[in-house]
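Okay, run-v7.txt is below, compact mmCIF, C-alpha atoms and all ligand atoms:
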```txt
# COMPACT_ATOMS: atom_id res chain seq x y z
CA MET A 1 8.61 11.67 -9.82
CA GLU A 2 7.78 8.48 -11.73
CA GLN A 3 11.45 7.92 -12.54
CA LEU A 4 12.41 8.45 -8.90
CA ALA A 5 9.74 6.01 -7.73
CA PHE A 6 10.78 3.46 -10.36
CA ALA A 7 14.41 3.64 -9.22
CA GLN A 8 13.36 3.26 -5.57
CA VAL A 9 11.87 -0.17 -6.25
CA GLY A 10 14.82 -1.40 -8.31
CA ASN A 11 13.18 -0.64 -11.66
CA SER A 12 10.36 -3.09 -10.98
CA VAL A 13 6.57 -2.74 -11.13
CA GLN A 14 6.24 -2.83 -7.36
CA ALA A 15 5.17 0.41 -5.69
CA PRO A 16 7.21 2.19 -3.02
CA ALA A 17 5.29 2.38 0.26
CA LEU A 18 5.71 3.20 3.92
CA ARG A 19 3.62 2.91 7.05
CA LEU A 20 1.83 6.25 7.33
CA ILE A 21 2.90 6.73 10.95
CA ASP A 22 6.55 6.37 9.90
CA PHE A 23 6.04 8.84 7.07
CA VAL A 24 4.47 11.41 9.40
CA GLU A 25 7.28 10.99 11.95
CA GLY A 26 9.93 11.09 9.23
CA ARG A 27 11.49 7.74 10.05
CA PHE A 28 12.17 4.65 8.03
CA SER A 29 11.12 1.46 9.73
CA ARG A 30 11.80 -1.75 7.89
CA LEU A 31 8.85 -3.46 9.61
CA ALA A 32 6.95 -5.58 7.11
CA LEU A 33 4.20 -3.57 5.47
CA PRO A 34 0.54 -4.47 5.93
CA LYS A 35 -0.92 -6.14 2.85
CA GLY A 36 -2.12 -3.64 0.26
CA SER A 37 -4.54 -4.01 -2.65
CA TYR A 38 -1.89 -3.28 -5.29
CA HIS A 39 -1.24 -6.71 -6.81
CA PRO A 40 2.33 -6.35 -8.14
CA GLY A 41 3.26 -5.65 -4.52
CA LEU A 42 4.64 -2.96 -2.25
CA LEU A 43 8.24 -2.35 -1.33
CA CYS A 44 9.18 -0.51 1.86
CA SER A 45 10.74 2.82 0.89
CA PRO A 46 11.52 6.03 2.86
CA LEU A 47 8.95 8.12 0.99
CA HIS A 48 9.65 11.19 3.14
CA GLY A 49 13.32 11.05 2.13
CA TRP A 50 13.57 10.81 -1.63
CA ARG A 51 10.74 13.08 -2.72
CA PRO A 52 11.33 16.84 -2.89
CA ASP A 53 11.19 18.35 0.64
CA HIS A 54 8.24 20.62 -0.06
CA PHE A 55 6.16 17.57 -1.03
CA GLY A 56 6.96 15.41 1.96
CA GLN A 57 6.79 18.18 4.55
CA ARG A 58 3.43 19.48 3.35
CA LEU A 59 1.97 15.99 3.35
CA GLN A 60 3.35 15.32 6.83
CA LYS A 61 1.77 18.56 8.12
CA GLY A 62 -1.47 17.69 6.35
CA PHE A 63 -1.68 14.26 7.97
CA ILE A 64 -0.90 15.74 11.41
CA ALA A 65 -3.70 18.31 10.92
CA PHE A 66 -6.05 15.62 9.67
CA ASN A 67 -5.29 13.50 12.72
CA LYS A 68 -6.86 16.26 14.84
CA LYS A 69 -10.11 15.88 12.92
CA MET A 70 -10.04 12.10 12.54
CA ARG A 71 -8.14 10.47 15.41
CA ASP A 72 -5.73 7.62 14.63
CA TYR A 73 -5.86 8.29 10.89
CA PRO A 74 -2.09 7.79 10.62
CA SER A 75 -2.34 4.43 12.40
CA ASN A 76 0.28 1.73 12.32
CA GLU A 77 -1.82 -0.20 9.80
CA ALA A 78 -2.24 2.67 7.31
CA ILE A 79 0.19 2.80 4.42
CA ILE A 80 1.15 5.58 2.05
CA VAL A 81 1.87 4.44 -1.49
CA GLY A 82 3.46 6.48 -4.25
CA VAL A 83 3.53 7.73 -6.92
CA GLU A 84 0.23 8.35 -8.65
CA SER A 85 1.19 11.09 -11.06
CA ARG A 86 -1.12 10.55 -14.02
CA THR A 87 -4.85 10.36 -13.63
CA SER A 88 -6.23 9.91 -17.10
CA SER A 89 -5.45 8.28 -20.41
CA PRO A 90 -2.98 10.19 -22.63
CA VAL A 91 -4.80 8.94 -25.74
CA ARG A 92 -8.39 9.32 -26.92
CA ILE A 93 -10.34 6.98 -29.20
CA PRO A 94 -12.23 9.19 -31.64
CA ARG A 95 -16.03 9.02 -31.63
CA ASN A 96 -18.91 10.68 -33.41
CA PRO A 97 -20.21 13.48 -31.13
CA GLU A 98 -23.78 12.90 -32.37
CA THR A 99 -24.02 9.12 -31.99
CA SER A 100 -21.14 8.48 -29.53
CA THR A 101 -20.00 5.61 -31.77
CA HIS A 102 -16.50 4.98 -33.05
CA LEU A 103 -15.81 6.73 -36.35
CA GLN A 104 -15.11 3.50 -38.23
CA ILE A 105 -16.36 0.59 -36.12
CA THR A 106 -20.13 0.26 -35.99
CA ASN A 107 -21.64 -0.28 -32.55
CA LEU A 108 -18.39 0.42 -30.69
CA TYR A 109 -18.94 3.08 -28.05
CA PRO A 110 -15.60 4.42 -26.76
CA CYS A 111 -16.23 5.80 -23.28
CA GLY A 112 -14.79 6.24 -19.83
CA GLU A 113 -11.20 6.66 -18.81
CA GLY A 114 -9.44 4.16 -21.05
CA ALA A 115 -11.01 5.69 -24.14
CA GLY A 116 -9.80 9.13 -23.03
CA TYR A 117 -13.12 10.71 -22.09
CA ALA A 118 -12.86 10.79 -18.31
CA GLY A 119 -10.35 11.15 -15.51
CA GLY A 120 -12.08 9.79 -12.41
CA ASN A 121 -14.93 7.76 -10.97
CA VAL A 122 -17.70 10.30 -11.47
CA SER A 123 -16.66 11.59 -14.89
CA SER A 124 -16.30 7.95 -16.08
CA ALA A 125 -19.72 7.02 -14.74
CA MET A 126 -21.33 10.06 -16.35
CA ASP A 127 -19.66 9.40 -19.69
CA GLU A 128 -20.68 5.74 -19.57
CA GLN A 129 -24.26 6.71 -18.76
CA ARG A 130 -24.18 8.99 -21.80
CA ALA A 131 -22.91 6.05 -23.89
CA ALA A 132 -25.71 3.81 -22.58
CA GLU A 133 -28.27 6.48 -23.46
CA SER A 134 -26.76 6.75 -26.95
CA ILE A 135 -27.01 2.98 -27.40
CA VAL A 136 -30.71 3.16 -26.54
CA ALA A 137 -31.22 6.25 -28.71
CA ASN A 138 -29.45 4.55 -31.60
CA LYS A 139 -31.81 1.61 -31.09
CA VAL A 140 -28.99 -0.89 -30.66
CA ILE A 141 -30.97 -2.34 -27.75
CA ARG A 142 -34.48 -3.37 -28.77
C1 LIG A 201 -5.31 3.39 -7.32
C2 LIG A 201 -6.40 4.24 -7.96
C3 LIG A 201 -7.04 5.19 -7.19
C4 LIG A 201 -8.04 5.97 -7.76
N1 LIG A 201 -8.67 6.89 -6.98
C5 LIG A 201 -9.65 7.64 -7.50
C6 LIG A 201 -10.34 8.57 -6.67
O1 LIG A 201 -10.07 8.72 -5.48
N2 LIG A 201 -11.31 9.33 -7.24
C7 LIG A 201 -11.64 9.20 -8.56
O2 LIG A 201 -12.53 9.92 -9.02
N3 LIG A 201 -11.02 8.32 -9.36
C8 LIG A 201 -10.03 7.53 -8.86
N4 LIG A 201 -9.39 6.63 -9.66
C9 LIG A 201 -9.72 6.57 -11.09
C10 LIG A 201 -10.98 5.76 -11.32
O3 LIG A 201 -10.87 4.52 -10.66
C11 LIG A 201 -11.11 5.55 -12.83
O4 LIG A 201 -11.07 6.83 -13.46
C12 LIG A 201 -12.42 4.87 -13.20
O5 LIG A 201 -12.57 3.66 -12.50
C13 LIG A 201 -12.42 4.60 -14.69
O6 LIG A 201 -13.63 3.98 -14.99
P1 LIG A 201 -13.82 3.19 -16.33
O7 LIG A 201 -15.20 2.61 -16.29
O8 LIG A 201 -13.46 4.06 -17.48
O9 LIG A 201 -12.72 2.03 -16.28
P2 LIG A 201 -12.63 0.79 -15.29
O10 LIG A 201 -13.23 1.11 -13.96
O11 LIG A 201 -11.19 0.35 -15.34
O12 LIG A 201 -13.56 -0.30 -15.99
C14 LIG A 201 -13.12 -1.03 -17.12
C15 LIG A 201 -13.77 -2.41 -17.01
O13 LIG A 201 -13.55 -3.13 -18.22
C16 LIG A 201 -13.22 -4.46 -17.89
N5 LIG A 201 -12.49 -5.02 -19.02
C17 LIG A 201 -11.23 -4.73 -19.41
N6 LIG A 201 -10.92 -5.44 -20.52
C18 LIG A 201 -12.00 -6.18 -20.81
C19 LIG A 201 -12.29 -7.12 -21.83
N7 LIG A 201 -11.43 -7.42 -22.78
N8 LIG A 201 -13.50 -7.70 -21.82
C20 LIG A 201 -14.42 -7.39 -20.87
N9 LIG A 201 -14.20 -6.51 -19.88
C21 LIG A 201 -13.00 -5.93 -19.86
C22 LIG A 201 -12.41 -4.35 -16.62
O14 LIG A 201 -12.42 -5.58 -15.92
C23 LIG A 201 -13.15 -3.25 -15.88
O15 LIG A 201 -14.21 -3.74 -15.08
C24 LIG A 201 -8.40 5.81 -9.13
C25 LIG A 201 -7.75 4.84 -9.89
C26 LIG A 201 -6.77 4.07 -9.32
C27 LIG A 201 -6.08 2.99 -10.16
```

Could you show the structure in this file as structure tokens?
Ligand SMILES: Cc1cc2nc3c(=O)[nH]c(=O)nc-3n(C[C@H](O)[C@H](O)[C@H](O)COP(=O)(O)OP(=O)(O)OC[C@H]3O[C@@H](n4cnc5c(N)ncnc54)[C@H](O)[C@@H]3O)c2cc1C
Amino acid sequence: MEQLAFAQVGNSVQAPALRLIDFVEGRFSRLALPKGSYHPGLLCSPLHGWRPDHFGQRLQKGFIAFNKKMRDYPSNEAIIVGVESRTSSPVRIPRNPETSTHLQITNLYPCGEGAGYAGGNVSSAMDEQRAAESIVANKVIR
């Protein structure tokens, strides 16, 4: 999926995107996309067309069903951006399970997603809280 997405944007770091309403209706409109928060930028791409059918069709059905619960969810201003296929770091910085500190570097507390100990907002926050508690317990903060 990542390779497909990469090819869709001409092997660049932009992300393929489409107005959600176009995705749901299975059409490709080249209307300029609304501004997104992804800084490298979005490139208009027929997301319903190049992904495996079972993906696109299920998402289309899902958005149609969701529209019955939350009207105008697939509005003309909403965009669908793909592909987010990996959610957590593939590497983990080792740490001492007792003190939460790095095995070699004193007072370094690897934590959260980048260090490989979490995969989302809540698990990162919980792991970081644990690190903060370890810092206090280890009397780094006086
Ligand atoms: C597009 C997107 C959608 C997501 N959606 C969800 C979702 O719906 N639900 C969910 O649970 N998770 C979601 N996540 C994942 C979630 O955002 C992360 O798992 C979480 O934010 C990781 O928290 P963190 O504290 O480990 O890292 P971050 O939130 O990345 O915090 C790291 C901090 O370190 C700072 N920093 C970096 N380098 C330095 C430096 N040298 N000096 C000082 N500061 C530095 C950064 O500025 C940043 O503030 C999403 C992530 C992305 C990218």

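Once all atoms listed in the file are considered, the residues situated within 12 Å of the file point (9.7, -1.7, 8.2) turn out to be Ala17, Leu18, Arg19, Leu20, Ile21, Asp22, Phe23, Arg27, Phe28, Ser29, Arg30, Leu31, Ala32, Leu33, Pro34, Leu42, Leu43, Cys44, Ser45, Pro46, Asn76, Glu77 and Ile79 of chain A.
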
Considering all atoms listed in the file, tabulate each residue of chain A that lies at most 6 Å from ligand LIG 201 (chain A) along with its nearest interatomic pair and the corresponding distance in Å to one decimal; arrange the rows by chain and ascending residue number and present them as JSON lines.
```
{"residue": "A:Gly112", "atom": "CA", "partner": "A:LIG201", "partner_atom": "O8", "distance": 3.5}
{"residue": "A:Glu113", "atom": "CA", "partner": "A:LIG201", "partner_atom": "O8", "distance": 3.7}
{"residue": "A:Gly114", "atom": "CA", "partner": "A:LIG201", "partner_atom": "O8", "distance": 5.4}
{"residue": "A:Gly119", "atom": "CA", "partner": "A:LIG201", "partner_atom": "O4", "distance": 4.8}
{"residue": "A:Gly120", "atom": "CA", "partner": "A:LIG201", "partner_atom": "O4", "distance": 3.3}
{"residue": "A:Asn121", "atom": "CA", "partner": "A:LIG201", "partner_atom": "O2", "distance": 3.8}
{"residue": "A:Val122", "atom": "CA", "partner": "A:LIG201", "partner_atom": "O2", "distance": 5.7}
{"residue": "A:Ser124", "atom": "CA", "partner": "A:LIG201", "partner_atom": "O6", "distance": 4.9}
```

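One finds atom CA of A:Arg130 at 16.9 Å from atom CA of A:Leu103.
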
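In this structure, atom CA of A:Ala78 sits 27.9 Å away from atom CA of A:Ser123.
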
> atom CA of A:Ala131 and atom CA of A:Tyr109 are how many Å apart?
Replying inline: 6.5 Å

> Smallest atom-to-atom distance to A:Leu4: which of A:Arg92, A:His39, A:Lys139, A:Arg51, using all atoms listed in the file?
Replying inline: A:Arg51

> Of the candidates A:Ile135, A:Val24, A:Met70, A:Val13, which shows the shortest atom-to-atom distance to A:Asn107, using all atoms listed in the file?
Replying inline: A:Ile135

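Remark: for A:Ala5, the closest of the candidate residues A:Pro94, A:Pro74, A:Gly82, A:Gly56 is A:Gly82 (distances computed over only C-alpha atoms).
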